[in-house]
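Peer 1: The structure under discussion is supplied below as structure tokens; questions concerning it will follow.
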Protein chains: 2
Amino acid sequence: MKLGQATIKDIAKELNVSLSTVSRALKNYPGISEETKRRVKETAERLNYRPNAVALSLRQSKSFTIGVIIPEVVHFFFSTVISGIEEVAYANGYNVILCQTNEKYEREKSILDTMLANQVDGLLVSFSKETKDFDHFTKLIELELPIVFFDRIPAIDSSVHVTVNDFQGAYDAVTHLLQQGYKKIAHISGPENLTITKQRKEGYLKAIRDFDEAISYTKILECPSGNEDESFKLVNALFTNGEEKPDAIFAHHDLAAAGALMALKSLGIKIPEEVGLVGYSNWQFSSMIDPPLSTVSQPGASIGETATKLLLDMINKNGNTGTISKSVMLDTELIIRKSSSK
Amino acid sequence: MKLGQATIKDIAKELNVSLSTVSRALKNYPGISEETKRRVKETAERLNYRPNAVALSLRQSKSFTIGVIIPEVVHFFFSTVISGIEEVAYANGYNVILCQTNEKYEREKSILDTMLANQVDGLLVSFSKETKDFDHFTKLIELELPIVFFDRIPAIDSSVHVTVNDFQGAYDAVTHLLQQGYKKIAHISGPENLTITKQRKEGYLKAIRDFDEAISYTKILECPSGNEDESFKLVNALFTNGEEKPDAIFAHHDLAAAGALMALKSLGIKIPEEVGLVGYSNWQFSSMIDPPLSTVSQPGASIGETATKLLLDMINKNGNTGTISKSVMLDTELIIRKSSSK
DNA sequence: TTGTAGGCGTTATCAC
DNA sequence: GTGATAACGCCTACAA
């Protein structure tokens, strides 16, 4: 904190009035003469006065700060969510404290402590891959701390969350592949404990079941890390081990799709002619790779905005007491590019 | 803030001791009986006591919070910087308040006000493309608020900043192209008012001057937005307008390089055979596009870490009083991939 | 070894 | 219309 920041006290001293008068004048309270108001404001301006938000927090037991806990900022998806969060928070006079767990459970708990110590008014959370136990969150929910989960949601009944319809997103993607004439579609799956992984897997399976009874090929490659290296190896193995080969791949993530793409290319397999490919998330690079990658776009900014609005509602107990904030599910959008267009 | 969070007062009441005893016991002050200490700590645990950081901030005139102002989180480079910042801040018990300017000057000023109101102990700043006047920062520096600029640095003499050696990075990239046998190298430039733009441009020119007197072709395409669409158009125009054509392109950014790459491909021009290409920043997609893009890698995490360490030093006035914190310049690394390898 | 009181900056509640 | 005072949660110099 800068030394010598002017306070209300300085203004009062300067003008020989009381603290309360200054406070009231600054906030345009009734019952203060226009003259006094003018003088106070002018002095405040001159002394470069700035209200001390920390003192306000203490006084009002409200910090106007929300905590955001995410796995990693470098994930394009999360960074778009952050943008959405910031936008809404900022517009409503709230600050954002941001921390990343780096996918570590211990770190997540530690961050939570810090945020609580800092009196955040509420929390936006997408928990780590390691997190399998949600006690640290349920305790807080019981204490009525507003929490909104997004993208990765916990198995807590009363939790409020914002997700995208991952089941439908996967379903659409796989249906699209089937409609393009692909008949043997494999799925590269993701981290096991996440709901999104399960949803996408189920969407994949359901799409195949629904499309045509004659089509029954399914193959799931478990790729817990979800990154391109692991995916590269898995796909490479699948196409060289003599096993029945798929003619299309639906990856649970663009990174995994990119790994698959590189593996296929290195094996001289043509995309989309021999093998079709669809990813998930619409990362920035997806449109720039060759061939451009079809993918399922998640509305990152909307997720952030929606989650933040929900949270602010909870914080401000908007809506009549009866209206409990409800979770929201947003739609995905299938983006068809060359990698799946025969 | 949650209702009913236990305070020091609650513990004192519970044990019939004074506030100061509790406070001292919790902080392991000398001169407190082991017995009392034990009882206090046990009660604290039981009541789920958590020190109130806001009260501490007020009391100590120190918030243990640093403000980070960046243009946009969705830029891969900035997100890596943030990771570095978070890492160091967190390890030293500091919180991070993050705000993005979305490249808007007005927003930047407004964010600055908010951060000051929140009594940040220091600031890490990469200002917006629109910012041409630095009064809002110089005022604060005069008030001795610690500020460290990174990546984009202002024309302020006394400013402390962390940059990468953009001149050298560009120089290396262009020299590499020349060594590969390319002789007519064009440069796609970036936002005008940024030092990094100037540095990269100069590195480009110097490399050509230094390499071989016989080579004199230079061509600079101004691309103020720096994005792939604008770059696409510029390159497309350059190669179709009958003008003398370059046989290589050094782009000031990977996004611009990606635009160039798409333009060249759409014209049927082979990379790297007919035209070589090098970008800047080593974005995630660079290794995944076809051909993989040579680029200059900036150590984002290091920048963040270094800047944060510098800032914490300034905040804590480390080093003897004489030791003024100095600015730091980090090295880039040329990453050679297919797009520039004849 | 423990308790008391004042203060960090602000505002709400009284009083005048 | 304005002023004095207590309180938010915590720490610490000074007393006891």
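In the structure tokens, the first chain shown is A, the next is B, and so on; residue numbers restart at 1 for each chain, and ligands run from 1 in the order shown.
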Leaving out DA15 in chain C and any residue of its chain fewer than 6 positions from it, which residues lie within 12 Å of it when counting only C-alpha atoms (C1' of nucleotides), given as a ChimeraX atom specification?
Peer 2: /D:2-5
Peer 1: Can you tell me, as an NGL selection string, what residues are no more than 12 Å from Thr308 in chain A when counting only C-alpha atoms (C1' of nucleotides), ignoring any on the same chain fewer than 2 positions away?
Peer 2: :A and (65-68 or 81-92 or 94-96 or 121-125 or 146-150 or 160-162 or 301-306 or 310-315 or 325 or 327-328)
Peer 1: Using only C-alpha atoms (C1' of nucleotides), which residues of chain C come within 7 Å of chain B, and what is the closest atom pair for each, with the distance in Å to one decimal? Give it as a Markdown table, sorted by chain and residue number.
Peer 2:
| residue | atom | partner | partner_atom | distance |
| --- | --- | --- | --- | --- |
| C:DT1 | C1' | B:Ile32 | CA | 5.9 |
| C:DT2 | C1' | B:Thr21 | CA | 6.6 |
| C:DG3 | C1' | B:Ser18 | CA | 6.3 |
| C:DC8 | C1' | B:Arg59 | CA | 4.4 |
Peer 1: Atoms to include: C-alpha atoms (C1' of nucleotides). Write the selected residues as a PDB file, in the first residue's frame.
Peer 2:
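Output file again.pdb is given in full below:
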ATOM      1  C1'  DT C   1       2.269 -14.934  32.383  1.00  0.00           C
ATOM      2  C1'  DT C   2      -1.689 -12.278  31.319  1.00  0.00           C
ATOM      3  C1'  DG C   3      -4.782  -8.113  30.731  1.00  0.00           C
ATOM      4  C1'  DC C   8      -5.912   0.756  11.259  1.00  0.00           C
TER       5       DC C   8
END
Peer 1: With DSSP run on the backbone, what are the helix (DSSP H, G or I) residues within range 193-341 of chain B? I'd like them as a VMD selection string.
Peer 2: chain B and resid 195 to 211 228 to 238 254 to 266 284 to 287 300 to 315 338 to 340
Peer 1: For the contact check between chain D and chain B, emit one row per residue of chain D within 8 Å, containing the shortest atom pair and the distance in Å rounded to one decimal, counting only C-alpha atoms (C1' of nucleotides), chain then rising number order, as CSV.
Peer 2:
residue,atom,partner,partner_atom,distance
D:DG9,C1',B:Ala55,CA,5.1
D:DC10,C1',B:Ala55,CA,5.8
D:DC11,C1',B:Arg59,CA,7.2
Peer 1: Give me, as a VMD selection string, all polymer residues having an atom no more than 10 Å from DC14 in chain D, counting only C-alpha atoms (C1' of nucleotides) and skipping those fewer than 2 positions away in the same chain.
Peer 2: (chain C and resid 4 to 5) or (chain D and resid 12 16)
Peer 1: Which residue gives the smallest distance to chain B among A:Thr197, A:Ser128, A:Asn282, A:Gln100, with only C-alpha atoms counted?
Peer 2: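 Closest to chain B of all the choices is A:Gln100.
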Peer 1: Among range 68-281 of chain A, which ones does DSSP place in strand (DSSP E), written as a ChimeraX atom specification?
Peer 2: /A:68-70,95-100,122-125,147-150,160-164,185-188,218-221,248-251,276-278
Peer 1: When distances are computed from only C-alpha atoms, which of B:Asp172, B:Glu333, B:Glu244, B:Glu142 shows the smallest separation from chain A?
Peer 2: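 Closest to chain A, using only C-alpha atoms: B:Glu142.
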